[in-house]
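What follows is the content of start-v9.pdb (PDB, C-alpha atoms).
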```pdb
MODEL        1
ATOM      1  CA  MET A 279      -2.940 -11.758  -8.896
ATOM      2  CA  ALA A 280      -5.175  -9.607 -11.034
ATOM      3  CA  ARG A 281      -6.995 -11.415 -13.836
ATOM      4  CA  ASP A 282      -6.148 -10.455 -17.381
ATOM      5  CA  PRO A 283      -8.819  -8.943 -19.639
ATOM      6  CA  ALA A 284      -9.596 -10.738 -22.884
ATOM      7  CA  GLU A 285      -7.763 -10.174 -26.154
ATOM      8  CA  SER A 286     -10.637 -11.428 -28.288
ATOM      9  CA  ASP A 287     -12.756  -8.282 -28.037
ATOM     10  CA  PHE A 288      -9.894  -5.854 -28.675
ATOM     11  CA  THR A 289     -10.388  -3.180 -31.312
ATOM     12  CA  LEU A 290      -8.082  -0.215 -31.767
ATOM     13  CA  ASP A 291      -9.482   3.151 -30.725
ATOM     14  CA  PRO A 292     -10.501   5.109 -33.871
ATOM     15  CA  GLN A 293      -8.515   8.231 -32.935
ATOM     16  CA  LEU A 294      -5.340   6.195 -32.388
ATOM     17  CA  ALA A 295      -5.964   4.503 -35.742
ATOM     18  CA  ARG A 296      -6.405   7.868 -37.441
ATOM     19  CA  ASP A 297      -3.265   9.477 -36.011
ATOM     20  CA  THR A 298      -0.854   6.588 -36.586
ATOM     21  CA  ILE A 299       0.621   4.060 -39.001
ATOM     22  CA  PRO A 300       0.668   0.388 -37.882
ATOM     23  CA  VAL A 301       4.179  -1.004 -37.353
ATOM     24  CA  GLY A 302       3.306  -4.522 -36.229
ATOM     25  CA  ASP A 303       2.208  -6.692 -33.306
ATOM     26  CA  LEU A 304       4.443  -7.771 -30.422
ATOM     27  CA  PRO A 305       3.136 -10.574 -28.164
ATOM     28  CA  LEU A 306       1.075  -8.128 -26.072
ATOM     29  CA  CYS A 307       1.020  -4.786 -27.840
ATOM     30  CA  ARG A 308       0.135  -3.375 -31.204
ATOM     31  CA  VAL A 309       2.952  -0.987 -32.116
ATOM     32  CA  LEU A 310       1.972   2.207 -33.930
ATOM     33  CA  LEU A 311       4.033   5.064 -35.371
ATOM     34  CA  MET A 312       2.557   8.513 -34.794
ATOM     35  CA  ASN A 313       2.283  10.265 -38.125
ATOM     36  CA  ASP A 314       4.269  13.221 -36.790
ATOM     37  CA  ALA A 315       7.698  13.848 -38.249
ATOM     38  CA  ASN A 316       8.534  16.282 -35.427
ATOM     39  CA  TYR A 317       9.678  13.341 -33.299
ATOM     40  CA  PRO A 318      10.060   9.591 -33.830
ATOM     41  CA  TRP A 319       7.090   8.578 -31.687
ATOM     42  CA  LEU A 320       5.789   5.075 -31.065
ATOM     43  CA  ILE A 321       2.586   4.090 -29.317
ATOM     44  CA  LEU A 322       2.143   0.670 -27.723
ATOM     45  CA  VAL A 323      -1.425  -0.532 -27.290
ATOM     46  CA  PRO A 324      -1.948  -3.741 -25.281
ATOM     47  CA  ARG A 325      -4.438  -5.857 -27.258
ATOM     48  CA  ARG A 326      -6.796  -6.207 -24.334
ATOM     49  CA  ALA A 327     -10.391  -5.033 -24.403
ATOM     50  CA  GLY A 328     -11.691  -2.457 -21.963
ATOM     51  CA  VAL A 329      -8.376  -1.529 -20.363
ATOM     52  CA  SER A 330      -7.569   2.093 -19.579
ATOM     53  CA  GLU A 331      -4.957   1.915 -16.807
ATOM     54  CA  ILE A 332      -1.732  -0.106 -16.572
ATOM     55  CA  VAL A 333      -3.065  -1.499 -13.281
ATOM     56  CA  ASP A 334      -6.129  -2.848 -15.124
ATOM     57  CA  LEU A 335      -3.797  -5.380 -16.762
ATOM     58  CA  GLY A 336      -3.040  -8.668 -15.052
ATOM     59  CA  ASP A 337       0.344  -8.955 -13.325
ATOM     60  CA  ASP A 338       1.882 -11.059 -16.108
ATOM     61  CA  ALA A 339       0.690  -8.617 -18.753
ATOM     62  CA  GLN A 340       2.201  -5.732 -16.774
ATOM     63  CA  VAL A 341       5.569  -7.483 -16.822
ATOM     64  CA  GLN A 342       5.170  -8.172 -20.549
ATOM     65  CA  LEU A 343       4.249  -4.535 -21.169
ATOM     66  CA  THR A 344       7.419  -3.477 -19.331
ATOM     67  CA  ALA A 345       9.486  -5.814 -21.524
ATOM     68  CA  GLU A 346       7.894  -4.474 -24.712
ATOM     69  CA  ILE A 347       8.408  -0.862 -23.590
ATOM     70  CA  ALA A 348      12.083  -1.708 -22.967
ATOM     71  CA  GLN A 349      12.417  -3.455 -26.348
ATOM     72  CA  THR A 350      10.847  -0.611 -28.312
ATOM     73  CA  SER A 351      12.773   1.985 -26.284
ATOM     74  CA  ARG A 352      16.117   0.366 -27.060
ATOM     75  CA  ILE A 353      15.298  -0.018 -30.751
ATOM     76  CA  LEU A 354      14.007   3.520 -31.074
ATOM     77  CA  LYS A 355      17.141   4.828 -29.331
ATOM     78  CA  ASP A 356      19.418   2.734 -31.553
ATOM     79  CA  ILE A 357      17.692   3.847 -34.758
ATOM     80  CA  THR A 358      17.372   7.528 -33.915
ATOM     81  CA  ARG A 359      20.393   8.179 -31.619
ATOM     82  CA  CYS A 360      18.056  10.394 -29.602
ATOM     83  CA  ASP A 361      19.120  12.399 -26.553
ATOM     84  CA  LYS A 362      16.273  11.207 -24.323
ATOM     85  CA  LEU A 363      13.342   8.838 -24.264
ATOM     86  CA  ASN A 364       9.945   9.939 -22.989
ATOM     87  CA  VAL A 365       7.708   7.070 -21.856
ATOM     88  CA  ALA A 366       4.169   7.812 -20.733
ATOM     89  CA  ALA A 367       0.684   6.417 -20.231
ATOM     90  CA  ILE A 368      -1.626   9.413 -19.994
ATOM     91  CA  GLY A 369      -4.948   8.727 -21.698
ATOM     92  CA  ASN A 370      -6.977  11.733 -20.587
ATOM     93  CA  VAL A 371      -8.446  12.104 -24.089
ATOM     94  CA  VAL A 372      -8.235   8.563 -25.534
ATOM     95  CA  SER A 373      -9.076   6.240 -22.667
ATOM     96  CA  GLN A 374      -7.887   2.995 -24.320
ATOM     97  CA  LEU A 375      -4.594   2.149 -22.593
ATOM     98  CA  HIS A 376      -1.694   3.259 -24.766
ATOM     99  CA  VAL A 377       1.920   3.961 -23.915
ATOM    100  CA  HIS A 378       3.892   6.661 -25.686
ATOM    101  CA  VAL A 379       7.571   5.975 -26.375
ATOM    102  CA  VAL A 380       9.023   9.138 -27.876
ATOM    103  CA  ALA A 381      12.572   9.816 -29.069
ATOM    104  CA  ARG A 382      13.518  13.336 -28.039
ATOM    105  CA  PHE A 383      16.291  15.602 -29.244
ATOM    106  CA  ARG A 384      17.575  18.797 -27.669
ATOM    107  CA  SER A 385      16.975  20.301 -31.111
ATOM    108  CA  ASP A 386      13.376  19.118 -31.540
ATOM    109  CA  ALA A 387      10.302  21.323 -31.919
ATOM    110  CA  ALA A 388       9.129  21.057 -28.311
ATOM    111  CA  TRP A 389      12.306  20.447 -26.253
ATOM    112  CA  PRO A 390      12.438  20.444 -23.244
ATOM    113  CA  LYS A 391       8.651  20.441 -22.990
ATOM    114  CA  PRO A 392       6.621  17.238 -23.286
ATOM    115  CA  VAL A 393       5.299  16.607 -26.793
ATOM    116  CA  TRP A 394       1.581  16.533 -26.080
ATOM    117  CA  GLY A 395      -0.077  19.636 -27.436
ATOM    118  CA  ALA A 396       3.265  21.383 -27.955
ATOM    119  CA  VAL A 397       3.302  21.923 -31.728
ATOM    120  CA  PRO A 398       0.981  20.762 -34.545
ATOM    121  CA  ALA A 399       1.720  17.324 -35.979
ATOM    122  CA  LYS A 400       3.696  17.309 -39.232
ATOM    123  CA  ALA A 401       2.909  14.297 -41.432
ATOM    124  CA  TYR A 402       5.862  12.247 -42.697
ATOM    125  CA  ASP A 403       6.769  12.438 -46.345
ATOM    126  CA  GLY A 404       6.652   9.070 -48.075
ATOM    127  CA  ALA A 405      10.369   8.320 -48.187
ATOM    128  CA  ALA A 406      11.074   9.228 -44.549
ATOM    129  CA  ARG A 407       8.070   7.219 -43.426
ATOM    130  CA  THR A 408       9.085   4.149 -45.400
ATOM    131  CA  ALA A 409      12.679   4.309 -44.164
ATOM    132  CA  LEU A 410      11.663   4.548 -40.508
ATOM    133  CA  LEU A 411       8.986   1.851 -40.782
ATOM    134  CA  THR A 412      11.425  -0.499 -42.511
ATOM    135  CA  SER A 413      14.032  -0.041 -39.764
ATOM    136  CA  LEU A 414      11.476  -0.443 -37.000
ATOM    137  CA  ARG A 415       9.904  -3.588 -38.467
ATOM    138  CA  GLN A 416      13.293  -5.157 -39.066
ATOM    139  CA  ASP A 417      14.565  -4.472 -35.550
ATOM    140  CA  LEU A 418      11.292  -5.487 -33.895
ATOM    141  CA  ALA A 419      11.052  -8.582 -36.117
ATOM    142  CA  VAL A 420       7.460  -7.754 -37.009
ATOM    143  CA  GLN A 421       5.682  -7.271 -40.307
TER     144      GLN A 421
ATOM    145  CA  MET B 242      20.531  -9.355 -18.902
ATOM    146  CA  ALA B 243      21.548  -5.771 -18.264
ATOM    147  CA  ARG B 244      23.599  -5.204 -15.138
ATOM    148  CA  ASP B 245      22.078  -3.111 -12.410
ATOM    149  CA  PRO B 246      23.714   0.186 -11.432
ATOM    150  CA  ALA B 247      24.776   0.580  -7.819
ATOM    151  CA  GLU B 248      22.542   1.872  -5.032
ATOM    152  CA  SER B 249      25.453   3.004  -2.884
ATOM    153  CA  ASP B 250      26.208   6.188  -4.802
ATOM    154  CA  PHE B 251      22.586   7.311  -5.119
ATOM    155  CA  THR B 252      21.753  10.868  -4.133
ATOM    156  CA  LEU B 253      18.450  12.564  -4.904
ATOM    157  CA  ASP B 254      18.564  15.278  -7.571
ATOM    158  CA  PRO B 255      18.428  18.706  -5.846
ATOM    159  CA  GLN B 256      15.504  19.980  -7.945
ATOM    160  CA  LEU B 257      13.426  16.902  -7.134
ATOM    161  CA  ALA B 258      14.315  17.390  -3.455
ATOM    162  CA  ARG B 259      13.256  21.035  -3.611
ATOM    163  CA  ASP B 260       9.894  20.421  -5.302
ATOM    164  CA  THR B 261       8.732  17.481  -3.191
ATOM    165  CA  ILE B 262       8.100  16.071   0.269
ATOM    166  CA  PRO B 263       9.557  12.611   1.035
ATOM    167  CA  VAL B 264       6.918   9.913   1.597
ATOM    168  CA  GLY B 265       9.198   6.923   2.214
ATOM    169  CA  ASP B 266      11.316   4.247   0.562
ATOM    170  CA  LEU B 267       9.976   1.157  -1.207
ATOM    171  CA  PRO B 268      12.473  -1.642  -1.991
ATOM    172  CA  LEU B 269      13.644   0.092  -5.189
ATOM    173  CA  CYS B 270      12.240   3.601  -5.241
ATOM    174  CA  ARG B 271      12.174   6.659  -3.067
ATOM    175  CA  VAL B 272       8.576   7.903  -3.115
ATOM    176  CA  LEU B 273       8.077  11.675  -3.147
ATOM    177  CA  LEU B 274       4.956  13.839  -3.031
ATOM    178  CA  MET B 275       5.055  16.860  -5.341
ATOM    179  CA  ASN B 276       4.279  19.942  -3.281
ATOM    180  CA  ASP B 277       1.462  20.880  -5.657
ATOM    181  CA  ALA B 278      -2.071  20.748  -4.343
ATOM    182  CA  ASN B 279      -3.473  21.026  -7.882
ATOM    183  CA  TYR B 280      -3.175  17.255  -8.238
ATOM    184  CA  PRO B 281      -2.169  14.380  -5.936
ATOM    185  CA  TRP B 282       1.168  13.697  -7.609
ATOM    186  CA  LEU B 283       3.770  11.127  -6.616
ATOM    187  CA  ILE B 284       7.261  10.735  -8.006
ATOM    188  CA  LEU B 285       9.136   7.437  -7.817
ATOM    189  CA  VAL B 286      12.915   7.633  -7.983
ATOM    190  CA  PRO B 287      14.825   4.345  -8.265
ATOM    191  CA  ARG B 288      17.724   4.561  -5.779
ATOM    192  CA  ARG B 289      20.321   3.797  -8.418
ATOM    193  CA  ALA B 290      23.169   6.135  -9.284
ATOM    194  CA  GLY B 291      23.618   7.508 -12.776
ATOM    195  CA  VAL B 292      20.372   6.216 -14.277
ATOM    196  CA  SER B 293      18.324   8.408 -16.600
ATOM    197  CA  GLU B 294      16.280   5.952 -18.665
ATOM    198  CA  ILE B 295      14.121   2.999 -17.592
ATOM    199  CA  VAL B 296      16.202   0.835 -19.932
ATOM    200  CA  ASP B 297      19.349   1.817 -17.995
ATOM    201  CA  LEU B 298      18.011  -0.307 -15.117
ATOM    202  CA  GLY B 299      18.741  -4.014 -14.995
ATOM    203  CA  ASP B 300      15.923  -6.350 -16.013
ATOM    204  CA  ASP B 301      15.027  -7.275 -12.421
ATOM    205  CA  ALA B 302      14.941  -3.624 -11.404
ATOM    206  CA  GLN B 303      12.644  -2.863 -14.343
ATOM    207  CA  VAL B 304      10.210  -5.512 -13.121
ATOM    208  CA  GLN B 305      10.459  -4.142  -9.573
ATOM    209  CA  LEU B 306       9.851  -0.611 -10.868
ATOM    210  CA  THR B 307       6.726  -1.856 -12.648
ATOM    211  CA  ALA B 308       5.493  -3.449  -9.413
ATOM    212  CA  GLU B 309       6.127  -0.271  -7.424
ATOM    213  CA  ILE B 310       4.377   1.861 -10.070
ATOM    214  CA  ALA B 311       1.387  -0.501  -9.835
ATOM    215  CA  GLN B 312       1.414  -0.416  -6.034
ATOM    216  CA  THR B 313       1.559   3.382  -5.821
ATOM    217  CA  SER B 314      -0.989   3.743  -8.644
ATOM    218  CA  ARG B 315      -3.526   1.558  -6.842
ATOM    219  CA  ILE B 316      -2.995   3.309  -3.527
ATOM    220  CA  LEU B 317      -3.203   6.772  -5.058
ATOM    221  CA  LYS B 318      -6.397   5.787  -6.888
ATOM    222  CA  ASP B 319      -7.913   4.308  -3.706
ATOM    223  CA  ILE B 320      -7.073   7.356  -1.615
ATOM    224  CA  THR B 321      -8.111  10.007  -4.135
ATOM    225  CA  ARG B 322     -10.879   8.282  -6.147
ATOM    226  CA  CYS B 323      -9.387   9.971  -9.208
ATOM    227  CA  ASP B 324     -10.824   9.704 -12.722
ATOM    228  CA  LYS B 325      -7.516   8.774 -14.395
ATOM    229  CA  LEU B 326      -3.913   7.993 -13.601
ATOM    230  CA  ASN B 327      -1.091   9.562 -15.588
ATOM    231  CA  VAL B 328       2.171   7.589 -15.425
ATOM    232  CA  ALA B 329       5.257   9.002 -17.121
ATOM    233  CA  ALA B 330       9.044   8.985 -17.253
ATOM    234  CA  ILE B 331      10.042  12.142 -19.129
ATOM    235  CA  GLY B 332      13.183  13.668 -17.638
ATOM    236  CA  ASN B 333      14.007  16.284 -20.252
ATOM    237  CA  VAL B 334      14.852  18.793 -17.511
ATOM    238  CA  VAL B 335      15.877  16.611 -14.550
ATOM    239  CA  SER B 336      17.825  13.729 -16.034
ATOM    240  CA  GLN B 337      17.806  11.497 -12.923
ATOM    241  CA  LEU B 338      15.273   8.742 -13.700
ATOM    242  CA  HIS B 339      11.975   9.556 -12.009
ATOM    243  CA  VAL B 340       8.475   8.321 -12.732
ATOM    244  CA  HIS B 341       5.455  10.546 -12.279
ATOM    245  CA  VAL B 342       2.251   8.939 -10.973
ATOM    246  CA  VAL B 343      -0.437  11.600 -11.013
ATOM    247  CA  ALA B 344      -4.074  11.358  -9.945
ATOM    248  CA  ARG B 345      -6.188  13.294 -12.422
ATOM    249  CA  PHE B 346      -9.725  14.597 -12.186
ATOM    250  CA  ARG B 347     -11.944  15.883 -14.934
ATOM    251  CA  SER B 348     -12.336  18.950 -12.715
ATOM    252  CA  ASP B 349      -8.617  19.587 -12.140
ATOM    253  CA  ALA B 350      -6.688  22.693 -13.170
ATOM    254  CA  ALA B 351      -5.138  21.210 -16.324
ATOM    255  CA  TRP B 352      -7.626  18.541 -17.502
ATOM    256  CA  PRO B 353      -7.422  17.063 -20.118
ATOM    257  CA  LYS B 354      -3.914  18.368 -20.714
ATOM    258  CA  PRO B 355      -0.860  16.749 -19.125
ATOM    259  CA  VAL B 356       0.247  18.435 -15.904
ATOM    260  CA  TRP B 357       3.781  19.451 -16.875
ATOM    261  CA  GLY B 358       3.973  23.205 -17.325
ATOM    262  CA  ALA B 359       0.178  23.549 -17.363
ATOM    263  CA  VAL B 360      -0.443  25.736 -14.316
ATOM    264  CA  PRO B 361       1.831  27.040 -11.538
ATOM    265  CA  ALA B 362       2.318  24.725  -8.578
ATOM    266  CA  LYS B 363       0.184  25.506  -5.527
ATOM    267  CA  ALA B 364       1.838  24.464  -2.251
ATOM    268  CA  TYR B 365      -0.236  22.312   0.139
ATOM    269  CA  ASP B 366      -1.499  23.852   3.320
ATOM    270  CA  GLY B 367      -0.280  22.055   6.434
ATOM    271  CA  ALA B 368      -3.431  20.087   7.260
ATOM    272  CA  ALA B 369      -4.043  18.793   3.715
ATOM    273  CA  ARG B 370      -0.408  17.810   3.381
ATOM    274  CA  THR B 371      -0.370  15.956   6.685
ATOM    275  CA  ALA B 372      -3.608  14.108   5.891
ATOM    276  CA  LEU B 373      -2.386  12.963   2.470
ATOM    277  CA  LEU B 374       1.070  11.969   3.724
ATOM    278  CA  THR B 375      -0.445   9.996   6.591
ATOM    279  CA  SER B 376      -2.741   8.055   4.243
ATOM    280  CA  LEU B 377       0.050   7.401   1.752
ATOM    281  CA  ARG B 378       2.538   6.205   4.381
ATOM    282  CA  GLN B 379      -0.035   3.961   5.989
ATOM    283  CA  ASP B 380      -1.114   2.345   2.717
ATOM    284  CA  LEU B 381       2.466   2.009   1.403
ATOM    285  CA  ALA B 382       3.635   0.714   4.818
ATOM    286  CA  VAL B 383       6.533   3.163   4.837
ATOM    287  CA  GLN B 384       7.627   5.787   7.340
TER     288      GLN B 384
ENDMDL
END
```
Rewrite the coordinates I just gave you, this time as structure tokens.
Amino acid sequence: MARDPAESDFTLDPQLARDTIPVGDLPLCRVLLMNDANYPWLILVPRRAGVSEIVDLGDDAQVQLTAEIAQTSRILKDITRCDKLNVAAIGNVVSQLHVHVVARFRSDAAWPKPVWGAVPAKAYDGAARTALLTSLRQDLAVQ
Amino acid sequence: MARDPAESDFTLDPQLARDTIPVGDLPLCRVLLMNDANYPWLILVPRRAGVSEIVDLGDDAQVQLTAEIAQTSRILKDITRCDKLNVAAIGNVVSQLHVHVVARFRSDAAWPKPVWGAVPAKAYDGAARTALLTSLRQDLAVQ
């Protein structure tokens, strides 16, 4: 069994903080909404210091991460009625472990390409942002 | 608990078959090597019929998928000494659920961009392919 890194020293990467709006905290992950209205796009960040790969997490935390990816995937799919989910841990630019959960539509700006680097981000307007955040927080039971 | 789709009707998607070389079967997934020498690039395909999203798998299969992603990630990292792992389930083009596990180097052809669509695939030469397949099969204990 791999040991689990500490939560106490966790701080969110500044670039992730800049690009996103906080949704709330699940038991393991901070859930963030990318401020990009092109696609409903969540980012899950395990609150563990110094972790850049999924395999850097302990075994129990890996199972918990899987459960939280599944939970957010289902909720995002239910809210958006998307055609496809894209789930990815890449981290070539921001090394802090973060998992993208993106709702994709055959009509979206980048389809069928992956979203990273495809088109410039388009910030949400206030009403759309509030509506999506409210739905997400309600379904995830977070504040 | 979600029910688990059947293994019996599983057949590998023809495009995945065309683009890859079989490495072997883990308990859940068929492991494939992308025939692209730009990056050591594995694809894990759960042998379950009609599945396109991770959340379409039953809960036990999701945990098993996580374990097999971790196992292949560690082995790929050990063999290649890569700088970063990229792990992703996208599937906008090939809908059969498949998980990419890619060894990335700061010196590779696409860094720091994701690999999908970045540069044309470059087929392995025979000796490099044999060496990598031999290492992978030995470390995964598959044939």
List the spatial neighbours of Val379 of chain A as a CSV table (one decimal) with C-alpha atoms, in the frame of the given file - criterion: any atom at most 6 Å away, all atoms listed in the file, same-chain residues fewer than 2 positions off excluded.
```csv
chain,number,residue,atom,x,y,z
A,319,TRP,CA,7.1,8.6,-31.7
A,320,LEU,CA,5.8,5.1,-31.1
A,364,ASN,CA,9.9,9.9,-23.0
A,365,VAL,CA,7.7,7.1,-21.9
```
Next on the checklist: Taking all atoms listed in the file into account, find every residue of chain B that has an atom no more than 7 Å from chain A, and write it out as a list of chain:residue names.
Outcome noted: B:Glu294, B:Val296, B:Val304, B:Thr307, B:Ala311, B:Lys325, B:Leu326, B:Asn327, B:Val328, B:Ala329, B:Ala330, B:Ile331, B:Asn333, B:Val334, B:Pro353
Return chain B as a tab-separated table (two decimals) with C-alpha atoms, keeping the file's coordinate frame, after superposing it on chain A by a least-squares fit that covers all C-alpha atoms paired in order.
```tsv
chain	number	residue	atom	x	y	z
B	242	MET	CA	-3.02	-11.72	-8.90
B	243	ALA	CA	-5.26	-9.58	-11.06
B	244	ARG	CA	-7.05	-11.40	-13.85
B	245	ASP	CA	-6.17	-10.46	-17.38
B	246	PRO	CA	-8.84	-8.93	-19.64
B	247	ALA	CA	-9.60	-10.74	-22.87
B	248	GLU	CA	-7.76	-10.19	-26.15
B	249	SER	CA	-10.65	-11.43	-28.27
B	250	ASP	CA	-12.75	-8.28	-28.03
B	251	PHE	CA	-9.89	-5.86	-28.66
B	252	THR	CA	-10.38	-3.19	-31.29
B	253	LEU	CA	-8.07	-0.22	-31.76
B	254	ASP	CA	-9.49	3.16	-30.71
B	255	PRO	CA	-10.50	5.11	-33.86
B	256	GLN	CA	-8.51	8.23	-32.93
B	257	LEU	CA	-5.34	6.20	-32.39
B	258	ALA	CA	-5.97	4.50	-35.74
B	259	ARG	CA	-6.41	7.86	-37.45
B	260	ASP	CA	-3.26	9.47	-36.02
B	261	THR	CA	-0.85	6.58	-36.59
B	262	ILE	CA	0.61	4.05	-39.00
B	263	PRO	CA	0.68	0.39	-37.88
B	264	VAL	CA	4.19	-1.01	-37.36
B	265	GLY	CA	3.30	-4.54	-36.24
B	266	ASP	CA	2.21	-6.68	-33.31
B	267	LEU	CA	4.44	-7.78	-30.43
B	268	PRO	CA	3.14	-10.58	-28.16
B	269	LEU	CA	1.08	-8.13	-26.07
B	270	CYS	CA	1.02	-4.79	-27.84
B	271	ARG	CA	0.13	-3.37	-31.20
B	272	VAL	CA	2.96	-0.99	-32.12
B	273	LEU	CA	1.97	2.20	-33.93
B	274	LEU	CA	4.02	5.06	-35.38
B	275	MET	CA	2.54	8.51	-34.79
B	276	ASN	CA	2.29	10.27	-38.13
B	277	ASP	CA	4.28	13.22	-36.79
B	278	ALA	CA	7.70	13.84	-38.23
B	279	ASN	CA	8.53	16.28	-35.41
B	280	TYR	CA	9.66	13.34	-33.28
B	281	PRO	CA	10.07	9.59	-33.82
B	282	TRP	CA	7.09	8.57	-31.70
B	283	LEU	CA	5.79	5.06	-31.08
B	284	ILE	CA	2.59	4.08	-29.32
B	285	LEU	CA	2.15	0.66	-27.73
B	286	VAL	CA	-1.42	-0.55	-27.29
B	287	PRO	CA	-1.94	-3.75	-25.29
B	288	ARG	CA	-4.44	-5.87	-27.27
B	289	ARG	CA	-6.80	-6.21	-24.33
B	290	ALA	CA	-10.39	-5.03	-24.40
B	291	GLY	CA	-11.68	-2.45	-21.95
B	292	VAL	CA	-8.36	-1.52	-20.36
B	293	SER	CA	-7.55	2.10	-19.58
B	294	GLU	CA	-4.94	1.92	-16.82
B	295	ILE	CA	-1.72	-0.11	-16.57
B	296	VAL	CA	-3.04	-1.51	-13.28
B	297	ASP	CA	-6.11	-2.85	-15.12
B	298	LEU	CA	-3.78	-5.39	-16.76
B	299	GLY	CA	-3.03	-8.67	-15.03
B	300	ASP	CA	0.35	-8.96	-13.32
B	301	ASP	CA	1.89	-11.06	-16.11
B	302	ALA	CA	0.68	-8.61	-18.74
B	303	GLN	CA	2.20	-5.74	-16.77
B	304	VAL	CA	5.57	-7.49	-16.83
B	305	GLN	CA	5.18	-8.18	-20.55
B	306	LEU	CA	4.26	-4.54	-21.16
B	307	THR	CA	7.42	-3.48	-19.33
B	308	ALA	CA	9.49	-5.81	-21.53
B	309	GLU	CA	7.90	-4.48	-24.71
B	310	ILE	CA	8.42	-0.87	-23.59
B	311	ALA	CA	12.09	-1.71	-22.98
B	312	GLN	CA	12.42	-3.46	-26.34
B	313	THR	CA	10.86	-0.61	-28.32
B	314	SER	CA	12.77	2.00	-26.28
B	315	ARG	CA	16.12	0.38	-27.07
B	316	ILE	CA	15.30	-0.02	-30.75
B	317	LEU	CA	14.01	3.54	-31.08
B	318	LYS	CA	17.14	4.85	-29.34
B	319	ASP	CA	19.42	2.74	-31.57
B	320	ILE	CA	17.69	3.84	-34.76
B	321	THR	CA	17.38	7.54	-33.92
B	322	ARG	CA	20.38	8.18	-31.63
B	323	CYS	CA	18.05	10.41	-29.60
B	324	ASP	CA	19.12	12.42	-26.55
B	325	LYS	CA	16.27	11.21	-24.31
B	326	LEU	CA	13.34	8.84	-24.27
B	327	ASN	CA	9.94	9.95	-22.99
B	328	VAL	CA	7.72	7.06	-21.86
B	329	ALA	CA	4.17	7.81	-20.74
B	330	ALA	CA	0.69	6.41	-20.23
B	331	ILE	CA	-1.63	9.42	-19.99
B	332	GLY	CA	-4.94	8.72	-21.70
B	333	ASN	CA	-6.96	11.73	-20.57
B	334	VAL	CA	-8.42	12.09	-24.07
B	335	VAL	CA	-8.23	8.56	-25.52
B	336	SER	CA	-9.07	6.24	-22.65
B	337	GLN	CA	-7.88	3.00	-24.31
B	338	LEU	CA	-4.58	2.15	-22.58
B	339	HIS	CA	-1.69	3.25	-24.78
B	340	VAL	CA	1.92	3.95	-23.92
B	341	HIS	CA	3.89	6.65	-25.68
B	342	VAL	CA	7.58	5.98	-26.38
B	343	VAL	CA	9.03	9.14	-27.89
B	344	ALA	CA	12.57	9.83	-29.08
B	345	ARG	CA	13.52	13.35	-28.05
B	346	PHE	CA	16.29	15.62	-29.23
B	347	ARG	CA	17.56	18.79	-27.67
B	348	SER	CA	16.98	20.32	-31.11
B	349	ASP	CA	13.37	19.13	-31.53
B	350	ALA	CA	10.31	21.34	-31.91
B	351	ALA	CA	9.14	21.07	-28.29
B	352	TRP	CA	12.32	20.47	-26.25
B	353	PRO	CA	12.44	20.46	-23.24
B	354	LYS	CA	8.65	20.44	-22.98
B	355	PRO	CA	6.63	17.24	-23.29
B	356	VAL	CA	5.29	16.62	-26.79
B	357	TRP	CA	1.56	16.54	-26.07
B	358	GLY	CA	-0.10	19.65	-27.44
B	359	ALA	CA	3.25	21.39	-27.96
B	360	VAL	CA	3.30	21.91	-31.72
B	361	PRO	CA	0.99	20.76	-34.54
B	362	ALA	CA	1.73	17.33	-35.98
B	363	LYS	CA	3.70	17.31	-39.23
B	364	ALA	CA	2.90	14.30	-41.43
B	365	TYR	CA	5.87	12.25	-42.71
B	366	ASP	CA	6.77	12.44	-46.35
B	367	GLY	CA	6.65	9.06	-48.09
B	368	ALA	CA	10.38	8.32	-48.20
B	369	ALA	CA	11.08	9.21	-44.54
B	370	ARG	CA	8.08	7.20	-43.42
B	371	THR	CA	9.09	4.15	-45.42
B	372	ALA	CA	12.69	4.30	-44.17
B	373	LEU	CA	11.66	4.55	-40.52
B	374	LEU	CA	8.99	1.85	-40.79
B	375	THR	CA	11.42	-0.50	-42.51
B	376	SER	CA	14.04	-0.05	-39.77
B	377	LEU	CA	11.47	-0.45	-37.00
B	378	ARG	CA	9.91	-3.59	-38.47
B	379	GLN	CA	13.29	-5.16	-39.07
B	380	ASP	CA	14.57	-4.47	-35.56
B	381	LEU	CA	11.28	-5.48	-33.88
B	382	ALA	CA	11.04	-8.57	-36.13
B	383	VAL	CA	7.45	-7.75	-37.02
B	384	GLN	CA	5.69	-7.28	-40.34
```
Checklist entry - Which residue gives the smallest distance to Asp403 of chain A among A:Asp314, A:Asp338, A:Glu285, A:Asp386, with only C-alpha atoms counted? => result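 Among the listed residues, the smallest separation from Asp403 of chain A belongs to A:Asp314.
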Item to check | Selection result for the PyMOL selection byres ((chain A and resi 325) around 6) on this file, as a list in words | outcome: Glu285, Phe288, Cys307, Pro324 and Arg326 of chain A
Next on the checklist: Can you measure atom CA of Cys323 of chain B to atom CA of Asn279 of chain B for me? One decimal in Å is fine.
Outcome noted: 12.6 Å
Checklist entry - What does the distance between atom CA of Val420 of chain A and atom CA of Asp303 of chain A come to in Å, to one decimal place? => result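 Here the two named atoms are 6.5 Å from each other.
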Which neighbours of Val272 of chain B fall inside 6 Å, counting only C-alpha atoms, when residues of the same chain fewer than 6 positions from it are skipped, and could you give them as a tab-separated table (two decimals) with C-alpha atoms, in the coordinates of the input?
```
chain	number	residue	atom	x	y	z
B	264	VAL	CA	6.92	9.91	1.60
B	265	GLY	CA	9.20	6.92	2.21
B	266	ASP	CA	11.32	4.25	0.56
B	284	ILE	CA	7.26	10.74	-8.01
B	285	LEU	CA	9.14	7.44	-7.82
```
Next on the checklist: Here's the selection I'm unsure about, the PyMOL selection byres ((chain B and resi 319-321) around 8); applied to the file above, which residues does it give, as a VMD selection string?
Outcome noted: chain B and resid 281 315 to 318 322 to 323 344 376 to 377
